[in-house]
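This is model38.tsv (TSV, C-alpha atoms).
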chain	number	residue	atom	x	y	z
X	1	MET	CA	57.71	70.85	111.49
X	2	ALA	CA	60.46	73.41	111.97
X	3	GLU	CA	60.26	76.36	109.60
X	4	ARG	CA	63.91	76.19	108.64
X	5	PHE	CA	63.33	72.86	106.86
X	6	GLU	CA	61.50	72.86	103.56
X	7	ARG	CA	61.16	69.10	103.47
X	8	LEU	CA	62.22	66.29	105.79
X	9	ILE	CA	62.11	62.83	104.30
X	10	VAL	CA	62.83	59.36	105.60
X	11	GLN	CA	64.14	57.32	102.70
X	12	GLU	CA	63.31	53.65	102.47
X	13	PRO	CA	66.39	51.46	102.94
X	14	ASN	CA	66.92	50.63	99.29
X	15	TYR	CA	70.16	51.31	97.48
X	16	THR	CA	70.64	54.73	95.90
X	17	PRO	CA	73.95	55.23	94.06
X	18	SER	CA	75.85	58.45	94.63
X	19	PRO	CA	75.70	60.95	91.73
X	20	LEU	CA	79.44	61.48	92.03
X	21	HIS	CA	80.35	57.82	91.70
X	22	ASN	CA	77.82	56.05	89.51
X	23	THR	CA	78.83	57.44	86.13
X	24	VAL	CA	82.30	57.02	84.61
X	25	PRO	CA	83.31	57.58	80.98
X	26	GLN	CA	83.75	54.17	79.39
X	27	LYS	CA	87.12	53.33	77.93
X	28	GLU	CA	87.42	50.92	75.05
X	29	ASN	CA	90.23	48.67	73.86
X	30	LYS	CA	92.16	49.04	77.10
X	31	GLN	CA	93.67	45.87	78.51
X	32	ALA	CA	95.24	45.38	81.92
X	33	LEU	CA	98.78	44.07	82.00
X	34	VAL	CA	98.28	40.70	83.69
X	35	SER	CA	100.06	37.38	83.67
X	36	ASP	CA	98.45	34.12	82.66
X	37	GLU	CA	97.68	33.52	86.34
X	38	GLY	CA	95.90	36.84	86.58
X	39	PHE	CA	98.48	38.75	88.62
X	40	LEU	CA	99.40	42.35	87.84
X	41	SER	CA	102.63	42.99	85.99
X	42	ASP	CA	102.21	46.76	86.46
X	43	PRO	CA	100.62	48.23	89.62
X	44	VAL	CA	99.24	51.21	87.65
X	45	LEU	CA	96.91	49.75	85.07
X	46	GLU	CA	93.85	50.37	82.95
X	47	ILE	CA	90.55	48.67	83.71
X	48	PRO	CA	87.83	49.17	81.09
X	49	GLY	CA	85.08	51.42	82.44
X	50	TYR	CA	87.22	53.14	85.08
X	51	GLU	CA	89.03	56.45	84.90
X	52	ARG	CA	92.77	56.24	85.51
X	53	GLU	CA	92.61	58.91	88.25
X	54	TRP	CA	90.03	56.88	90.19
X	55	LEU	CA	92.16	53.74	89.90
X	56	VAL	CA	95.34	55.51	91.00
X	57	GLU	CA	93.51	56.81	94.08
X	58	HIS	CA	91.89	53.52	95.07
X	59	MET	CA	94.29	50.88	93.73
X	60	PRO	CA	96.57	50.74	96.83
X	61	GLY	CA	93.62	50.02	99.12
X	62	MET	CA	92.21	47.41	96.74
X	63	ILE	CA	95.56	45.66	96.42
X	64	ALA	CA	95.94	45.66	100.21
X	65	GLN	CA	92.49	44.11	100.57
X	66	ARG	CA	92.62	41.57	97.72
X	67	GLY	CA	96.28	41.14	96.77
X	68	GLN	CA	97.54	41.78	93.25
X	69	ASN	CA	95.23	39.43	91.39
X	70	PHE	CA	93.63	41.46	88.61
X	71	PHE	CA	90.34	39.58	88.57
X	72	GLN	CA	89.84	39.98	92.32
X	73	ILE	CA	90.66	43.69	92.06
X	74	ARG	CA	88.23	44.13	89.17
X	75	LYS	CA	85.50	42.48	91.24
X	76	LEU	CA	86.25	44.75	94.20
X	77	ALA	CA	86.37	47.82	91.93
X	78	ASP	CA	82.93	46.99	90.57
X	79	ARG	CA	81.56	46.84	94.11
X	80	THR	CA	83.29	49.90	95.59
X	81	HIS	CA	82.61	52.11	92.58
X	82	ARG	CA	78.87	51.99	93.28
X	83	LEU	CA	79.22	53.03	96.92
X	84	LYS	CA	79.13	56.47	98.44
X	85	HIS	CA	82.74	57.44	99.05
X	86	ILE	CA	83.44	59.30	102.28
X	87	ILE	CA	86.30	60.72	104.32
X	88	THR	CA	86.77	61.16	108.06
X	89	ALA	CA	88.51	63.86	110.11
X	90	ASP	CA	89.60	63.32	113.72
X	91	SER	CA	92.27	64.25	116.20
X	92	PRO	CA	95.59	62.38	115.77
X	93	LYS	CA	95.46	58.71	116.77
X	94	PRO	CA	91.71	58.47	117.44
X	95	LYS	CA	90.56	55.56	119.58
X	96	GLU	CA	87.44	54.99	117.50
X	97	ILE	CA	86.39	56.50	114.17
X	98	ASP	CA	82.62	56.73	114.20
X	99	ASP	CA	81.67	59.43	111.71
X	100	GLY	CA	82.44	60.34	108.13
X	101	VAL	CA	81.28	62.87	105.55
X	102	PHE	CA	80.68	63.26	101.83
X	103	VAL	CA	79.99	66.63	100.18
X	104	GLU	CA	78.62	66.93	96.64
X	105	GLU	CA	78.52	70.24	94.80
X	106	LEU	CA	75.15	70.74	93.12
X	107	PRO	CA	74.43	72.52	89.83
X	108	SER	CA	72.95	75.87	90.85
X	109	ALA	CA	73.17	79.58	90.09
X	110	THR	CA	74.54	80.02	93.62
X	111	GLU	CA	76.80	77.78	95.68
X	112	MET	CA	74.84	74.74	96.83
X	113	TYR	CA	76.00	71.46	98.37
X	114	ARG	CA	74.54	68.18	99.55
X	115	VAL	CA	76.21	67.16	102.78
X	116	GLY	CA	75.97	63.59	103.99
X	117	VAL	CA	77.12	62.63	107.49
X	118	CYS	CA	77.69	58.88	107.66
X	119	LEU	CA	77.69	56.99	110.95
X	120	PRO	CA	78.23	53.29	111.68
X	121	ASP	CA	74.89	51.50	111.63
X	122	THR	CA	75.00	50.16	115.19
X	123	SER	CA	71.24	49.63	115.42
X	124	ARG	CA	71.57	45.85	115.70
X	125	LEU	CA	74.68	46.05	117.86
X	126	TYR	CA	72.88	47.78	120.72
X	127	LEU	CA	70.12	45.16	120.60
X	128	ARG	CA	72.65	42.62	121.93
X	129	GLN	CA	72.39	42.22	125.70
X	130	ASP	CA	76.16	41.60	126.01
X	131	VAL	CA	76.67	45.06	124.49
X	132	LEU	CA	73.72	47.00	125.91
X	133	GLU	CA	74.00	46.05	129.59
X	134	PRO	CA	77.70	47.01	129.96
X	135	ALA	CA	77.02	50.22	128.00
X	136	LEU	CA	74.21	51.15	130.42
X	137	ASP	CA	76.70	50.77	133.28
X	138	LYS	CA	79.46	52.77	131.59
X	139	LEU	CA	77.42	55.34	129.54
X	140	HIS	CA	80.38	56.61	127.49
X	141	ALA	CA	84.03	56.04	126.65
X	142	ASP	CA	86.55	57.60	129.04
X	143	TYR	CA	89.77	59.42	128.17
X	144	TRP	CA	92.48	60.66	130.50
X	145	VAL	CA	96.17	61.51	130.50
X	146	GLY	CA	98.21	58.83	132.24
X	147	ASP	CA	101.31	59.22	134.37
X	148	ASP	CA	103.45	58.74	131.27
X	149	GLY	CA	101.78	61.71	129.59
X	150	GLU	CA	100.03	59.51	127.03
X	151	LEU	CA	96.28	59.49	126.45
X	152	ASP	CA	94.69	56.50	128.16
X	153	TYR	CA	91.34	55.14	127.11
X	154	SER	CA	88.51	52.96	128.34
X	155	PRO	CA	85.99	52.14	125.58
X	156	LEU	CA	82.21	52.14	125.91
X	157	ILE	CA	81.91	48.77	124.20
X	158	GLU	CA	84.43	46.00	123.67
X	159	GLU	CA	87.11	46.85	121.15
X	160	ARG	CA	86.35	43.72	119.12
X	161	PHE	CA	82.98	45.30	118.31
X	162	ILE	CA	84.49	48.71	117.63
X	163	ARG	CA	86.91	47.31	115.06
X	164	GLY	CA	84.06	45.75	113.13
X	165	TYR	CA	82.04	48.94	112.95
X	166	GLU	CA	84.42	51.90	112.91
X	167	MET	CA	84.93	53.95	109.74
X	168	SER	CA	88.50	52.88	109.05
X	169	GLN	CA	90.15	53.68	105.73
X	170	GLY	CA	89.77	51.20	102.88
X	171	ASN	CA	86.70	49.46	104.30
X	172	ARG	CA	83.03	49.21	103.42
X	173	ARG	CA	80.57	49.79	106.21
X	174	ASN	CA	76.82	49.76	106.72
X	175	ALA	CA	76.01	53.35	107.57
X	176	LEU	CA	73.26	55.56	108.87
X	177	ILE	CA	73.37	58.55	106.50
X	178	VAL	CA	71.83	61.90	107.40
X	179	SER	CA	72.02	64.22	104.40
X	180	PHE	CA	70.79	67.72	103.64
X	181	ILE	CA	71.28	70.59	101.21
X	182	VAL	CA	72.97	73.81	102.33
X	183	GLY	CA	74.43	76.75	100.47
X	184	GLN	CA	74.55	80.47	99.90
X	185	ASN	CA	71.45	82.03	101.47
X	186	HIS	CA	70.08	78.50	101.82
X	187	PRO	CA	69.79	77.01	105.34
X	188	PRO	CA	69.88	73.21	105.74
X	189	SER	CA	66.82	71.73	104.03
X	190	ASP	CA	65.66	68.74	101.98
X	191	ALA	CA	66.94	66.47	104.73
X	192	SER	CA	66.82	62.70	104.46
X	193	VAL	CA	67.82	59.67	106.50
X	194	SER	CA	68.85	56.43	104.84
X	195	PHE	CA	70.79	53.26	105.60
X	196	GLU	CA	73.32	52.34	102.91
X	197	LYS	CA	76.81	50.97	102.42
X	198	VAL	CA	79.72	53.42	102.18
X	199	PHE	CA	83.39	53.13	101.28
X	200	ILE	CA	85.91	55.05	103.40
X	201	ASP	CA	88.53	56.62	101.14
X	202	ARG	CA	90.68	58.44	103.72
X	203	ASN	CA	91.09	58.91	107.45
X	204	PHE	CA	92.45	62.44	107.91
X	205	ASP	CA	93.61	64.02	111.12
X	206	TYR	CA	92.49	67.62	111.61
X	207	ARG	CA	95.74	69.05	110.28
X	208	GLU	CA	95.53	66.99	107.09
X	209	PHE	CA	91.85	67.80	106.68
X	210	SER	CA	92.57	71.52	107.01
X	211	GLU	CA	95.30	71.24	104.39
X	212	HIS	CA	93.12	69.39	101.89
X	213	THR	CA	90.19	71.81	102.32
X	214	ARG	CA	92.28	74.88	101.51
X	215	PRO	CA	91.24	77.03	98.52
X	216	SER	CA	91.77	75.03	95.31
X	217	GLY	CA	92.42	71.92	97.42
X	218	GLN	CA	90.96	68.53	96.54
X	219	TYR	CA	88.30	68.85	99.25
X	220	GLU	CA	87.66	72.60	99.19
X	221	ARG	CA	83.93	71.93	98.81
X	222	TYR	CA	83.96	70.43	102.31
X	223	ALA	CA	85.15	73.75	103.73
X	224	ARG	CA	82.63	75.76	101.72
X	225	ALA	CA	79.72	73.56	102.79
X	226	GLY	CA	80.83	73.58	106.43
X	227	HIS	CA	81.02	77.33	106.53
X	228	TYR	CA	77.57	77.70	105.02
X	229	ILE	CA	76.27	75.50	107.83
X	230	LEU	CA	77.88	77.88	110.32
X	231	GLU	CA	76.57	80.90	108.47
X	232	GLN	CA	72.99	79.63	108.10
X	233	LEU	CA	72.38	77.87	111.42
X	234	GLN	CA	74.30	80.55	113.31
X	235	TYR	CA	74.71	78.36	116.36
X	236	ALA	CA	76.79	79.76	119.19
X	237	ASP	CA	78.67	78.51	122.23
X	238	SER	CA	77.05	76.11	124.67
X	239	ALA	CA	77.28	75.33	128.35
X	240	ASP	CA	78.86	71.99	127.57
X	241	THR	CA	82.51	71.97	128.54
X	242	ALA	CA	83.58	70.62	125.16
X	243	ALA	CA	81.74	73.41	123.36
X	244	ILE	CA	83.26	76.26	125.38
X	245	THR	CA	86.26	76.13	123.10
X	246	GLN	CA	84.02	75.82	120.12
X	247	ALA	CA	82.70	79.33	120.68
X	248	ASP	CA	86.16	80.80	120.28
X	249	THR	CA	86.80	78.72	117.19
X	250	LEU	CA	83.49	79.76	115.64
X	251	ASP	CA	84.36	83.41	116.19
X	252	MET	CA	87.62	82.76	114.37
X	253	VAL	CA	85.82	81.02	111.51
X	254	ARG	CA	83.30	83.82	111.09
X	255	HIS	CA	86.12	86.33	111.04
X	256	LEU	CA	87.88	84.32	108.33
X	257	ILE	CA	84.71	84.13	106.23
X	258	LYS	CA	84.35	87.89	106.24
X	259	GLN	CA	87.94	89.11	106.37
X	260	GLN	CA	90.33	86.36	105.23
X	261	PRO	CA	88.53	83.77	103.10
X	262	ASP	CA	91.88	82.53	101.75
X	263	ARG	CA	92.61	81.10	105.22
X	264	LEU	CA	89.39	79.14	105.69
X	265	HIS	CA	91.28	75.86	105.76
X	266	ILE	CA	92.85	76.44	109.19
X	267	ALA	CA	89.62	75.60	111.01
X	268	GLY	CA	89.36	71.84	110.32
X	269	PRO	CA	87.96	70.94	113.77
X	270	SER	CA	85.24	73.57	113.43
X	271	LEU	CA	84.21	72.25	110.03
X	272	THR	CA	83.82	68.77	111.48
X	273	ALA	CA	81.86	70.18	114.42
X	274	ALA	CA	79.56	72.01	111.99
X	275	TYR	CA	78.66	68.78	110.16
X	276	MET	CA	77.97	66.98	113.42
X	277	ILE	CA	75.94	69.72	115.12
X	278	ALA	CA	73.76	70.13	112.02
X	279	THR	CA	73.22	66.36	111.92
X	280	ASN	CA	72.27	66.17	115.60
X	281	HIS	CA	69.83	69.03	115.03
X	282	ILE	CA	68.24	67.32	112.03
X	283	GLY	CA	67.97	64.02	113.92
X	284	GLY	CA	66.11	65.79	116.72
X	285	LEU	CA	63.68	67.42	114.33
X	286	LEU	CA	63.08	64.10	112.62
X	287	LEU	CA	62.03	62.23	115.78
X	288	GLN	CA	60.10	65.24	117.05
X	289	ASP	CA	58.13	65.48	113.80
X	290	ALA	CA	57.32	61.77	114.05
X	291	GLU	CA	56.23	62.25	117.68
X	292	ARG	CA	58.73	59.66	118.86
X	293	VAL	CA	60.85	59.58	121.99
X	294	GLY	CA	64.62	60.09	121.88
X	295	ILE	CA	67.39	61.16	124.25
X	296	ASN	CA	67.62	64.92	123.69
X	297	ARG	CA	70.39	67.22	124.86
X	298	ILE	CA	68.71	70.17	126.60
X	299	TYR	CA	70.19	73.47	127.74
X	300	ASP	CA	67.46	75.83	128.87
X	301	PRO	CA	68.48	78.16	131.73
X	302	GLY	CA	64.99	79.70	131.70
X	303	ASN	CA	63.47	76.41	132.84
X	304	MET	CA	63.72	76.62	136.63
X	305	ALA	CA	62.54	73.07	137.36
X	306	PRO	CA	65.98	71.36	137.32
X	307	HIS	CA	67.81	74.14	139.17
X	308	ASP	CA	67.40	72.52	142.57
X	309	PHE	CA	69.86	69.83	141.56
X	310	LEU	CA	71.67	71.37	138.55
X	311	PRO	CA	73.14	74.87	138.07
X	312	ALA	CA	71.62	77.01	135.32
X	313	ASP	CA	74.78	76.73	133.20
X	314	VAL	CA	74.70	72.92	132.88
X	315	ALA	CA	73.11	70.98	130.03
X	316	ARG	CA	71.09	67.84	130.75
X	317	PHE	CA	69.21	65.08	128.96
X	318	SER	CA	65.49	64.59	128.42
X	319	THR	CA	63.21	62.25	126.50
X	320	MET	CA	61.10	65.29	125.65
X	321	PRO	CA	62.30	67.67	122.91
X	322	GLY	CA	63.58	71.01	124.10
X	323	PRO	CA	65.88	73.88	123.14
X	324	HIS	CA	69.62	74.05	123.40
X	325	VAL	CA	69.88	77.76	124.12
X	326	GLY	CA	73.66	77.65	124.18
X	327	LEU	CA	73.75	76.49	120.57
X	328	GLY	CA	70.72	78.54	119.60
X	329	LEU	CA	68.98	75.46	118.20
X	330	SER	CA	65.46	74.24	118.87
X	331	ASN	CA	66.46	70.62	119.25
X	332	VAL	CA	69.64	68.54	119.60
X	333	LEU	CA	69.55	64.74	119.47
X	334	GLN	CA	73.02	63.25	119.79
X	335	ILE	CA	73.56	60.55	117.14
X	336	THR	CA	77.02	61.22	115.70
X	337	SER	CA	79.17	59.14	118.09
X	338	PRO	CA	77.49	55.73	118.40
X	339	LEU	CA	80.71	53.92	119.31
X	340	ARG	CA	81.58	56.13	122.27
X	341	ARG	CA	78.26	57.47	123.68
X	342	LEU	CA	75.32	55.36	124.79
X	343	GLN	CA	72.67	57.95	123.85
X	344	ASP	CA	73.95	58.12	120.27
X	345	GLY	CA	73.63	54.36	119.84
X	346	LEU	CA	70.12	54.23	121.32
X	347	ASN	CA	68.96	57.20	119.25
X	348	GLY	CA	70.32	55.47	116.16
X	349	ILE	CA	68.04	52.51	116.86
X	350	GLN	CA	65.03	54.84	116.86
X	351	LEU	CA	66.00	56.34	113.49
X	352	TRP	CA	66.53	52.82	112.16
X	353	LYS	CA	63.05	51.77	113.28
X	354	LEU	CA	61.51	54.97	111.92
X	355	ALA	CA	63.15	54.46	108.52
X	356	ARG	CA	61.74	50.96	108.32
X	357	GLY	CA	58.24	51.92	109.38
X	358	MET	CA	58.50	50.03	112.67
X	359	ARG	CA	56.57	51.37	115.62
X	360	GLN	CA	58.23	52.59	118.79
X	361	ASP	CA	56.99	50.19	121.47
X	362	ARG	CA	56.90	50.35	125.26
X	363	GLY	CA	60.23	48.57	125.52
X	364	ASP	CA	61.89	51.30	123.44
X	365	VAL	CA	60.41	54.07	125.57
X	366	ALA	CA	61.32	52.34	128.84
X	367	LEU	CA	64.93	51.84	127.72
X	368	LEU	CA	65.25	55.46	126.60
X	369	GLU	CA	63.79	56.71	129.87
X	370	ASP	CA	66.12	54.53	131.95
X	371	ALA	CA	69.17	55.62	129.94
X	372	THR	CA	68.17	59.28	130.25
X	373	GLN	CA	67.92	58.98	134.04
X	374	LEU	CA	71.32	57.28	134.23
X	375	LEU	CA	72.89	60.03	132.12
X	376	ASN	CA	71.38	62.75	134.32
X	377	PHE	CA	72.46	60.95	137.49
X	378	GLU	CA	76.03	61.08	136.21
X	379	ILE	CA	75.75	64.82	135.58
X	380	VAL	CA	74.48	65.35	139.12
X	381	LYS	CA	77.33	63.28	140.58
X	382	LYS	CA	79.86	65.40	138.69
X	383	GLN	CA	78.24	68.58	140.01
X	384	ILE	CA	78.43	67.26	143.58
X	385	SER	CA	82.16	66.62	143.14
X	386	ARG	CA	82.58	70.05	141.58
X	387	VAL	CA	80.84	71.81	144.49
X	388	LYS	CA	82.85	69.88	147.08
X	389	ARG	CA	86.09	70.69	145.26
X	390	ARG	CA	85.17	74.37	144.98
X	391	ARG	CA	84.31	74.59	148.67
X	392	HIS	CA	87.53	72.82	149.59
X	393	ILE	CA	89.84	75.07	147.61
X	394	GLY	CA	87.84	78.24	148.13
X	395	MET	CA	87.14	78.97	144.45
X	396	THR	CA	83.99	80.72	143.30
X	397	ILE	CA	81.83	79.17	140.59
X	398	LYS	CA	83.00	81.84	138.14
X	399	GLU	CA	86.64	80.99	138.90
X	400	VAL	CA	85.98	77.30	138.30
X	401	GLN	CA	84.28	78.11	134.96
X	402	GLU	CA	87.24	80.27	133.90
X	403	ALA	CA	89.67	77.47	134.81
X	404	VAL	CA	87.69	74.93	132.75
X	405	HIS	CA	87.57	77.42	129.87
X	406	GLU	CA	91.36	77.86	129.91
X	407	GLU	CA	91.91	74.09	129.95
X	408	ALA	CA	89.59	73.69	126.95
X	409	LEU	CA	91.44	76.40	125.04
X	410	GLU	CA	94.73	74.57	125.60
X	411	VAL	CA	93.23	71.34	124.22
X	412	MET	CA	91.95	73.15	121.09
X	413	ASP	CA	95.34	74.84	120.58
X	414	SER	CA	97.06	71.47	120.69
X	415	MET	CA	94.61	70.10	118.09
X	416	THR	CA	95.04	72.95	115.61
X	417	ALA	CA	98.75	73.71	116.09
Structure rendered as structure tokens:
Amino acid sequence: MAERFERLIVQEPNYTPSPLHNTVPQKENKQALVSDEGFLSDPVLEIPGYEREWLVEHMPGMIAQRGQNFFQIRKLADRTHRLKHIITADSPKPKEIDDGVFVEELPSATEMYRVGVCLPDTSRLYLRQDVLEPALDKLHADYWVGDDGELDYSPLIEERFIRGYEMSQGNRRNALIVSFIVGQNHPPSDASVSFEKVFIDRNFDYREFSEHTRPSGQYERYARAGHYILEQLQYADSADTAAITQADTLDMVRHLIKQQPDRLHIAGPSLTAAYMIATNHIGGLLLQDAERVGINRIYDPGNMAPHDFLPADVARFSTMPGPHVGLGLSNVLQITSPLRRLQDGLNGIQLWKLARGMRQDRGDVALLEDATQLLNFEIVKKQISRVKRRRHIGMTIKEVQEAVHEEALEVMDSMTA
């Protein structure tokens, strides 16, 4: 067991209500304004047992889902009020929304938070052959800029499946929840994995998320918890192209923590990345502790074995646990994007089986090994194209890396502008 975790628990899949949403001061002698047919005569109403602020926040979504019939809304309110309520943060116009977060402030002498990262429970989805086989061929969703300047998109799985699983606002979803406690001088610990239903309150883009996590903002606790993850895990930049920009953003965040804490809210993308990286790390430790196979993301330049077919600065995949030196973490198991990456969906199945006390059989191991080889083959093919392109245009490896770095910076600037 890794030293940085005090306790790692797999919760049984029974319902556990959220502390923030299972107690509401009861109101007496309050009657909703309804007609004889049960329809609302006033869209802002009182429902016994529910705070007005909660109703004002959730009433539009409930009306949209059930119409204006009071009795239907009351039934829906009873159901949603018991769920964990989460938000999401993504780039503008995301193609699939496959992760959400809740943050609960805990009573403590120092700042302490429970962070829960909630992912669509796709464990049964990837057991379908009409989903799995095409995903093994494609491996991940593809994004590119078309001739018209718009972002084009080819999904990993059929969009009809995505729509039924994604974390879209106003819906309930079955979720894989990885939660942990983090805070001042307190690295992520007391981790747990559970499968529960969640209710998605809001889908923010990064700009909106940054605005709402500003000091004294409604979701300031999300910023505080995210920055304690950064401070305690102290992960750094990685060799992955997508994370090259992250290093610069993390430097900015750390500067803000020390020098300009009143501007913490400008780093919305980095806060989201912090939740996800911590969750992938915890997922890796969980399977490793259970001595189970998963698809791990490895970056270990000191391991010379793969260097005949991969440069030292390229991350790869392995069914064996290993370090991600670029992030400074002992283990990274990608699980936070099950709708757009094959390895995340397959790793989610293994957590699902672990949580239910099901053994990992030969079929599981064979599938994970095959998927890992396919993922590594794709990395090798990209490196072959990269070498051919470099030789053709006469660029050195360092020049290619600098060009990729500049492109990544431009993407991050466009996201945070």
From the list X:Asp361, X:Glu159, X:Glu196, X:Glu369, the nearest residue to X:Met320 using all atoms listed in the file is X:Glu369
The residue from X:Arg124, X:His140, X:Arg297, X:Lys197 with the smallest atom-to-atom distance to X:Val332, counting only C-alpha atoms, is X:Arg297
Self-check item: Pairwise distance for atom CA of X:Leu151 and atom CA of X:Leu176, rounded to one decimal in Å
Solution: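 A separation of 29.2 Å between them.
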Legend entry - One-decimal distance in Å that lies between atom CA of X:Asp137 and atom CA of X:Leu374: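 Computing the Euclidean distance for atom CA of X:Leu374 and atom CA of X:Asp137 yields 8.5 Å.
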| query | What separation in Å, quoted to one decimal, exists between atom CA of X:Leu367 and atom CA of X:Ile379? | reply |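 Computing it gives 18.6 Å between the two atoms.
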One residue among X:Cys118, X:Leu310, X:Leu233, X:Leu271 is nearest to X:Ile384 when using all atoms listed in the file, and that residue is X:Leu310
Can you tell me which residues surround X:Arg221 at a distance of at most 9 Å, considering all atoms listed in the file, apart from same-chain residues fewer than 4 positions away, and format the answer as an mmCIF file with C-alpha atoms, in the frame of the given file?
data_model
loop_
_atom_site.group_PDB
_atom_site.id
_atom_site.type_symbol
_atom_site.label_atom_id
_atom_site.label_comp_id
_atom_site.auth_asym_id
_atom_site.auth_seq_id
_atom_site.Cartn_x
_atom_site.Cartn_y
_atom_site.Cartn_z
ATOM 1 C CA VAL X 103 79.990 66.630 100.180
ATOM 2 C CA GLU X 104 78.620 66.930 96.640
ATOM 3 C CA GLU X 105 78.520 70.240 94.800
ATOM 4 C CA TYR X 113 76.000 71.460 98.370
ATOM 5 C CA THR X 213 90.190 71.810 102.320
ATOM 6 C CA PRO X 215 91.240 77.030 98.520
ATOM 7 C CA GLY X 217 92.420 71.920 97.420
ATOM 8 C CA ALA X 225 79.720 73.560 102.790
ATOM 9 C CA GLY X 226 80.830 73.580 106.430
#
Around all listed atoms of stretch 98-106 of chain X, padded 6 Å per side, what centre and edge lengths does the axis-aligned box have in Å to one decimal, as AutoDock Vina command-line options?
--center_x 78.9 --center_y 63.7 --center_z 103.7 --size_x 19.5 --size_y 26.0 --size_z 33.1
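With only C-alpha atoms as the atoms that count, the minimum distance from X:Gln288 to the choices X:Asn303, X:Gln350, X:Asn171, X:Thr272 is reached by X:Gln350.
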Item to complete: Mind checking which residues fall within 12 Å of X:Arg163, counting only C-alpha atoms, ignoring those fewer than 2 positions away in the same chain, and posting them as a PyMOL selection string?
Response: chain X and resi 95-98+120+155+157-161+165-169+171+173+339
**Report entry** For X:Leu83, the nearest of the candidates X:Glu231, X:Glu150, X:Glu291, X:Asp201, counting all atoms listed in the file
**Finding:**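 Selected residue with least distance to X:Leu83: X:Asp201.
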Among X:Arg214, X:Arg340, X:Arg316, X:Arg172, X:Ile87 is approached most closely, using all atoms listed in the file, by X:Arg172
I need every residue sitting at most 6 Å from the point (77.4, 54.0, 116.3) (coordinates as in the file, all atoms listed in the file considered), written as a list in words.
Pro120, Asp121, Thr122, Ser337, Pro338, Leu339 and Gly345 of chain X
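Within 8 Å of X:Asp142, once only C-alpha atoms are used and residues closer than 4 positions along the same chain are dropped, the contacting residues are X:Tyr153, X:Ser154, X:Pro155, X:Leu156.
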Report as a PDB file with C-alpha atoms, in the coordinates of the input all protein, DNA and RNA residues lying within 8 Å of X:Asn331, evaluated on all atoms listed in the file, omitting residues in the same chain fewer than 5 positions from it.
ATOM      1  CA  HIS X 281      69.830  69.030 115.030  1.00  0.00           C
ATOM      2  CA  GLY X 284      66.110  65.790 116.720  1.00  0.00           C
ATOM      3  CA  LEU X 285      63.680  67.420 114.330  1.00  0.00           C
ATOM      4  CA  ASN X 296      67.620  64.920 123.690  1.00  0.00           C
ATOM      5  CA  ARG X 297      70.390  67.220 124.860  1.00  0.00           C
ATOM      6  CA  ILE X 298      68.710  70.170 126.600  1.00  0.00           C
ATOM      7  CA  PRO X 321      62.300  67.670 122.910  1.00  0.00           C
ATOM      8  CA  GLY X 322      63.580  71.010 124.100  1.00  0.00           C
ATOM      9  CA  PRO X 323      65.880  73.880 123.140  1.00  0.00           C
ATOM     10  CA  HIS X 324      69.620  74.050 123.400  1.00  0.00           C
TER      11      HIS X 324
END
